[in-house]
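First the structure, in the form of structure tokens, and then the observations on it.
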Amino acid sequence: MGDRRIRVIIAKLGLDGHNRGVRVISAGLRDRGLEVIYTGIRQTAKKVARAALQEDVDAVGVSSMVGAHLVHMEQLCREMSNLGLDDVVVFVGGIIPKEDDEALHKMGVRGIFRPGTKISEITDFLKKECEKRR
Amino acid sequence: MGKIQMDGIEDWKKTDLAGDYEERGRRKNQFKTESEIEIDDVYTSDYLDRIGFDESKDLGLPGQFPYARGIYPGMSRAEFWIMGQYAGFGAPEDTNQRFKYLLEQGQTGLAIALDLPTQLGLDSDHELALGEVGKAGVAISSFRDLEEIFDGIPLSRARQVFTTANAISPVILAMFLILGKKQGIDPRDFKVVLQNDILKEYVARGTYIFPPNESIRFNVDAVEYCTRHHPHFKPIVVCGSHMRQGGATATMELAFLLANARAYIKAILSRGLDIDSFAPSMEVQLSVPMNLLEEIAKYRALRRMWARMMRDQFGAKKPESQQAFIRVYTTGYTMTAQQPILNVIRVTIEALAAILGGCQSLSCSAMDEVLCLPTRKAAHVALMTQHIIAQESGVADVVDPLGGSYFIEGLTSRIEEEANKIMDKIEERGGAESAISQGFYQRLSREAASRYQKEIEERSRLIIGLNCFEDPEEEIQIESFTSDPDLHKRRVKGLKELRKNRDNETVKACLRRLKDVVQSGGNTIPVLIECVEEYATMGEMFDVLREVLGSFEEGFEHL
């Protein structure tokens with residue numbers, strides 16, 4: 001287990017089609033040695049949670065650019081919890097107002113990344129959080 | 001008198017230039033444009049000779065083939081470009097108020113932003129619409145909503161109405177035609193502009209519904225119908241801008257745009273229409289990131305390539321068929337969330353490039369767009385940026401002021417050459433539809449976007465405020481997306497009432513006819529007009545269409 005590469009799902013939920021950032025992050029995480037599964041745009045929380053279980057991932061990251069993050073993260077955390085995936089690291093990136101941090105943390109979101117984040121910051125976060133999990 | 005000869009330039013490089021670099025250093029070993037076109041030490045007339053530049057063939061005069069210098073003889077000396085503003089939000093009644101205000105302020109065109117459920121053919125009460133109703137624009141679930149948006153606004157009051165309809169554009173066209181009929185206004189007295197460019201949605205932006213080929217067929221219905229009945233409408237705006245924002249470079253932006261245009265033109269021709277009957281109503285939309293000189297050259301190259309494609313590949317004879325009417329939007333990805341006020345300067349440089357490049361319409365982004373929906377003040381600054389360039393800078397007083405510059409002419413030709421190479425690769429893959437289905441555009445864009453990010457992280461590309469001259473005290477302030485919390489509830493209630501009070505038997509019959517027409521391959525616009533008039537909802541019409549045409553999903557991808 002200790003040697004296993006970190007497996008992560010990078011997801012787009014809802015109808016938001018902005019995919020530049022999410023594609024760059026996915027490729028960047030892969031280039032840094034992570035196993036990455038990108039969901040494509042317009043996925044549902046249910047489908048992503050199921051994939052997290054089937055793919056036995058360590059983390060799920062969501063990209064949100066149009067302000068629907070509270071609705072979607074709530075759905076995702078609930079679906080994952082229903083599948084017993086409470087220990088999987090959930091994080092979100094994009095246009096997220098600071099005042100939503102508390103609500104997101106309460107749902108179980110462990111990392112929030114805003115514009116200008118370096119990909120290495122996300123890898124460091126994932127290494128640290130996934131280590132705790134193992 | 002005379003030209004500086006090649007030998008002279010080589011000597012200069014070895015002695016003068018080498019000496020200067022030795023004494024004062026050299027910032028970079030290699031200088032390149034965004035499209036990775038190498039920038040030489042110096043540009044002279046000798047360079048233009050070597051690349052075979054021919055003034056009469058490659059430039060012509062403004063308003064003359066191949067239109068590199070502009071599509072009009074007088075360009076902005078006759079009148080300024082159209083200064084566009086993009087609006088639309090919340091419920092139809094909110095947009096109605098905003099439009100009335102804009103018209104009172106003297107705005108002559110209305111651009112309607114649509115929310116994502118509407119753009120995807122979902123009613124506001126669909127479960128996937130939760131959290132998205134009225135957010136990216138106004139919600140239109142049935143013709144009733146459009147009636148409300150234009151309540152008290154005769155369609156003829158605006159010189160043109162533009163919408164971001166792509167996958168749903170035939171329905172939006174039908175709605176405007178019925179609106180005109182109900183308002184008692186002859187369609188010749190108003191003009192509908194549809195973006196109606198579906199191929200780019202699979203590469204960037206993402207509001208597709210059906211698989212690519214079925215989508216093209218549906219969208220071409222709108223073009224065919226307009227060409228036959230309302231030839232002054234603008235039924236298609238072929239866009240490079242979204243793909244550029246999604247990662248493509250300048251040369252890719254042109255190649256993708258032109259390859260997509262080619263696919264549409266072939267599909268439209270297959271309806272038995274003559275190229276000169278519809279080409280004049282096509283428009284293009286481009287982006288404008290920060291590389292000022294490359295962007296200027298890009299517009300000039302696009303016009304030349306468009307003109308040559310129309311004339312040489314499609315045999316277009318009318319000058320209007322060969323002229324590319326260019327709409328420009330400044331860029332989102334070049335703006336920073338850090339020190340957002342600096343974005344005003346970026347937008348100014350970008351706007352300047354578009355104007356020096358000879359655009360016909362320009363929309364400037366607001367400095368805070370990267371953080372929230374633009375505030376009124378930021379939107380004002382964005383519009384005034386255009387006025388300052390127009391009235392104060394003097395650049396609009398000359399037609400194609402950079403024409404004849406060794407570098408700009410050289411770069412214009414190089415961009416054309418590189419974009420043609422990418423177009424050849426698209427052609428090798430079977431044209432735009434199949435290259436997109438194979439993920440070719442997406443791969444090129446992704447690689448370019450990753451390269452851009454890598455350069456920022458390695459600091460070989462410096463972005464002020466982001467990876468240099470940072471303000472350590474600064475905290476990013478992202479404003480919350482505030483939307484009316486009751487909007488969704490009101491929409492659900494309104495739809496329920498609509499479905500109860502209309503003539504449901506007739507609606508059903510119309511939807512059945514829609515299915516028959518789609519199955520038999522006929523043009524859907526006449527039957528969509530019937531559906532719309534009977535208040536069939538967006539969701540109902542698209543359920544029928546999806547059933548016949550199928551749907552498209554990206555699906556999971558193991559990297």
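Chain labels A, B, ... are given in the sequence in which chains occur in the structure tokens; within each chain residues are numbered consecutively from 1, and ligands are likewise numbered from 1 in the order shown.
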
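In this structure, the chain A residues at most 7 Å away from chain B are Gly14, Leu15, Gly17, His18, Asn19, Arg20, Arg23, Val24, Arg30, Val36, Ile37, Tyr38, Thr39, Gly40, Ile41, Gly67, Ala68, Val71, Ile95, Ile96, Pro97, Lys98, Pro115, Gly116 and Lys118 of chain A, with only C-alpha atoms considered.
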
Output the selection as a CSV table (one decimal), in the first residue's frame - C-alpha atoms for each residue.
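Printed below is result_5.csv as written:
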chain,number,residue,atom,x,y,z
A,14,GLY,CA,-23.2,20.5,-13.2
A,15,LEU,CA,-23.4,22.3,-16.5
A,17,GLY,CA,-18.2,23.8,-19.4
A,18,HIS,CA,-15.0,25.7,-18.5
A,19,ASN,CA,-12.3,23.0,-19.0
A,20,ARG,CA,-9.0,24.8,-19.5
A,23,ARG,CA,-7.3,19.9,-18.0
A,24,VAL,CA,-4.1,21.7,-17.1
A,30,ARG,CA,-0.1,13.2,-13.9
A,36,VAL,CA,-5.4,10.8,-12.7
A,37,ILE,CA,-8.9,10.1,-13.9
A,38,TYR,CA,-10.6,13.0,-15.5
A,39,THR,CA,-14.4,12.8,-15.7
A,40,GLY,CA,-15.1,15.1,-18.6
A,41,ILE,CA,-17.6,18.0,-18.2
A,67,GLY,CA,-20.7,29.7,-8.7
A,68,ALA,CA,-22.6,26.5,-8.3
A,71,VAL,CA,-24.9,22.9,-4.4
A,95,ILE,CA,-13.8,30.8,-8.4
A,96,ILE,CA,-14.7,30.2,-4.8
A,97,PRO,CA,-15.5,33.2,-2.5
A,98,LYS,CA,-13.7,33.1,0.9
A,115,PRO,CA,-6.8,31.3,-9.2
A,116,GLY,CA,-3.0,31.5,-9.3
A,118,LYS,CA,0.8,26.3,-8.5

Requested in this report: Just the strand (DSSP E) stuff from chain A, please, per backbone DSSP, written as a VMD selection string.
Outcome: chain A and resid 7 to 12 35 to 38 59 to 64 89 to 94 109 to 113

Same residues, C-alpha atoms, output as a CSV table (one decimal), in the first residue's frame:
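For reference, again10.csv as written:
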chain,number,residue,atom,x,y,z
A,7,ARG,CA,-5.0,7.9,-7.4
A,8,VAL,CA,-7.2,10.9,-7.9
A,9,ILE,CA,-10.5,11.7,-9.8
A,10,ILE,CA,-10.7,15.3,-11.2
A,11,ALA,CA,-14.3,16.2,-11.9
A,12,LYS,CA,-16.6,18.8,-13.4
A,35,GLU,CA,-2.7,8.5,-11.3
A,36,VAL,CA,-5.4,10.8,-12.7
A,37,ILE,CA,-8.9,10.1,-13.9
A,38,TYR,CA,-10.6,13.0,-15.5
A,59,ALA,CA,-8.9,11.8,-3.5
A,60,VAL,CA,-11.6,13.6,-5.6
A,61,GLY,CA,-11.0,17.2,-6.9
A,62,VAL,CA,-13.8,19.3,-8.4
A,63,SER,CA,-13.4,22.3,-10.6
A,64,SER,CA,-16.0,25.0,-10.3
A,89,VAL,CA,-9.9,13.5,0.4
A,90,VAL,CA,-12.2,15.9,-1.3
A,91,PHE,CA,-10.9,19.2,-2.6
A,92,VAL,CA,-12.2,22.0,-4.9
A,93,GLY,CA,-10.6,24.6,-7.1
A,94,GLY,CA,-11.8,27.6,-9.1
A,109,VAL,CA,-14.0,19.6,1.8
A,110,ARG,CA,-10.4,19.5,2.8
A,111,GLY,CA,-8.7,21.8,0.3
A,112,ILE,CA,-9.8,24.9,-1.5
A,113,PHE,CA,-7.6,26.3,-4.3

**Report entry** Distance of CA of Asp424 in chain B from CA of Ser35 in chain B, expressed in Å to one decimal place
**Finding:**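 Value for the CA of Ser35 in chain B-CA of Asp424 in chain B distance: 17.0 Å.
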
Report task. Determine the nearest neighbour of Cys77 in chain A from the options A:Gln54, A:Lys132, A:Lys46, A:Ser26, counting only C-alpha atoms. Result ->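 Closest candidate: A:Lys46.
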
Report task. Find the residues around Gly521 in chain B up to 12 Å (only C-alpha atoms counted), leave out those fewer than 3 positions away in its own chain, and share them as a PyMOL selection string. Result -> chain B and resi 214+217-218+220-221+271+514-518+524-525+545+548-549

Report task. Tell me, in Å to one decimal, how far CA of Glu320 in chain B is from CA of Ile415 in chain B. Result ->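 According to the coordinates, CA of Glu320 in chain B and CA of Ile415 in chain B are separated by 23.6 Å.
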
Requested in this report: Show which residues sit within 6 Å of range 47-53 of chain A, as JSON, numbers by chain. Count only C-alpha atoms, and ignore same-chain residues fewer than 4 positions away.
Outcome: {"A": [57, 79, 80]}

Query - Interatomic distance, CA of Gln386 in chain B to CA of Arg159 in chain B (Å, one decimal) - result: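 CA of Gln386 in chain B sits 20.6 Å away from CA of Arg159 in chain B.
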
Query raised in the report: Which polymer residues have any atom within 10 Å of an atom of Gly404 in chain B, counting only C-alpha atoms, with same-chain residues fewer than 3 positions away left out, as a PyMOL selection string?
Result: chain B and resi 45+48+55+59+69+400-401+407-410

I want to know what sits within 12 Å of range 425-427 of chain B, based on only C-alpha atoms, with residues of the same chain fewer than 2 positions away left out; could you give that as a PDB file with C-alpha atoms, in the first residue's frame?
ATOM      1  CA  MET B 252      -4.490  27.179 -33.864  1.00  0.00           C
ATOM      2  CA  ALA B 255      -6.867  26.999 -38.214  1.00  0.00           C
ATOM      3  CA  PHE B 256      -9.670  25.668 -36.004  1.00  0.00           C
ATOM      4  CA  LEU B 257     -11.997  28.516 -36.926  1.00  0.00           C
ATOM      5  CA  LEU B 258     -11.396  28.125 -40.653  1.00  0.00           C
ATOM      6  CA  ALA B 259     -11.615  24.328 -40.612  1.00  0.00           C
ATOM      7  CA  ASN B 260     -14.909  24.559 -38.729  1.00  0.00           C
ATOM      8  CA  ARG B 262     -15.265  24.850 -44.004  1.00  0.00           C
ATOM      9  CA  ALA B 263     -17.295  22.048 -42.420  1.00  0.00           C
ATOM     10  CA  GLU B 418       1.512  27.967 -39.866  1.00  0.00           C
ATOM     11  CA  ALA B 419      -2.285  28.008 -39.654  1.00  0.00           C
ATOM     12  CA  ASN B 420      -2.435  26.363 -43.083  1.00  0.00           C
ATOM     13  CA  LYS B 421      -0.166  23.583 -41.826  1.00  0.00           C
ATOM     14  CA  ILE B 422      -2.544  22.897 -38.929  1.00  0.00           C
ATOM     15  CA  MET B 423      -5.492  22.980 -41.347  1.00  0.00           C
ATOM     16  CA  ARG B 429      -7.899  13.534 -40.124  1.00  0.00           C
ATOM     17  CA  GLY B 430     -11.003  13.811 -42.267  1.00  0.00           C
ATOM     18  CA  GLY B 431     -11.981  17.429 -41.624  1.00  0.00           C
ATOM     19  CA  ALA B 432     -13.186  19.321 -38.582  1.00  0.00           C
ATOM     20  CA  GLU B 433     -15.907  16.966 -37.320  1.00  0.00           C
ATOM     21  CA  SER B 434     -13.711  13.913 -37.303  1.00  0.00           C
ATOM     22  CA  ALA B 435     -10.587  15.739 -36.058  1.00  0.00           C
ATOM     23  CA  ILE B 436     -12.652  16.984 -33.121  1.00  0.00           C
ATOM     24  CA  SER B 437     -14.156  13.538 -32.549  1.00  0.00           C
ATOM     25  CA  GLN B 438     -10.622  12.148 -32.452  1.00  0.00           C
ATOM     26  CA  GLY B 439      -9.674  14.806 -29.909  1.00  0.00           C
ATOM     27  CA  PHE B 440      -7.118  16.474 -32.178  1.00  0.00           C
ATOM     28  CA  TYR B 441      -8.068  20.104 -31.456  1.00  0.00           C
ATOM     29  CA  LEU B 444      -3.251  20.653 -29.267  1.00  0.00           C
TER      30      LEU B 444
END

Report task. Name the residues of range 221-416 of chain B that fall into helix (DSSP H, G or I) according to DSSP on the backbone, using the chain letters and numbers of this document, as a PyMOL selection string. Result -> chain B and resi 221-229+241-245+250-269+275-281+292-313+319-322+340-356+376-392+395-397+406-416

Query raised in the report: Leaving out Leu34 in chain A and any residue of its chain fewer than 5 positions from it, which residues lie within 6 Å of it when counting only C-alpha atoms, given as a PyMOL selection string?
Result: chain A and resi 5-6+29

Resulting file, chosen residues, N, CA and C atoms, as a PDB file, in the first residue's frame:
ATOM      1  N   ARG A   5       0.857   4.594  -6.008  1.00  0.00           N
ATOM      2  CA  ARG A   5       0.753   5.998  -6.417  1.00  0.00           C
ATOM      3  C   ARG A   5      -0.595   6.558  -5.968  1.00  0.00           C
ATOM      4  N   ILE A   6      -0.608   7.835  -5.717  1.00  0.00           N
ATOM      5  CA  ILE A   6      -1.872   8.469  -5.335  1.00  0.00           C
ATOM      6  C   ILE A   6      -2.808   8.442  -6.543  1.00  0.00           C
ATOM      7  N   LEU A  29      -0.866  17.032 -12.617  1.00  0.00           N
ATOM      8  CA  LEU A  29      -0.797  16.041 -11.537  1.00  0.00           C
ATOM      9  C   LEU A  29      -0.237  14.723 -12.079  1.00  0.00           C
TER      10      LEU A  29
END
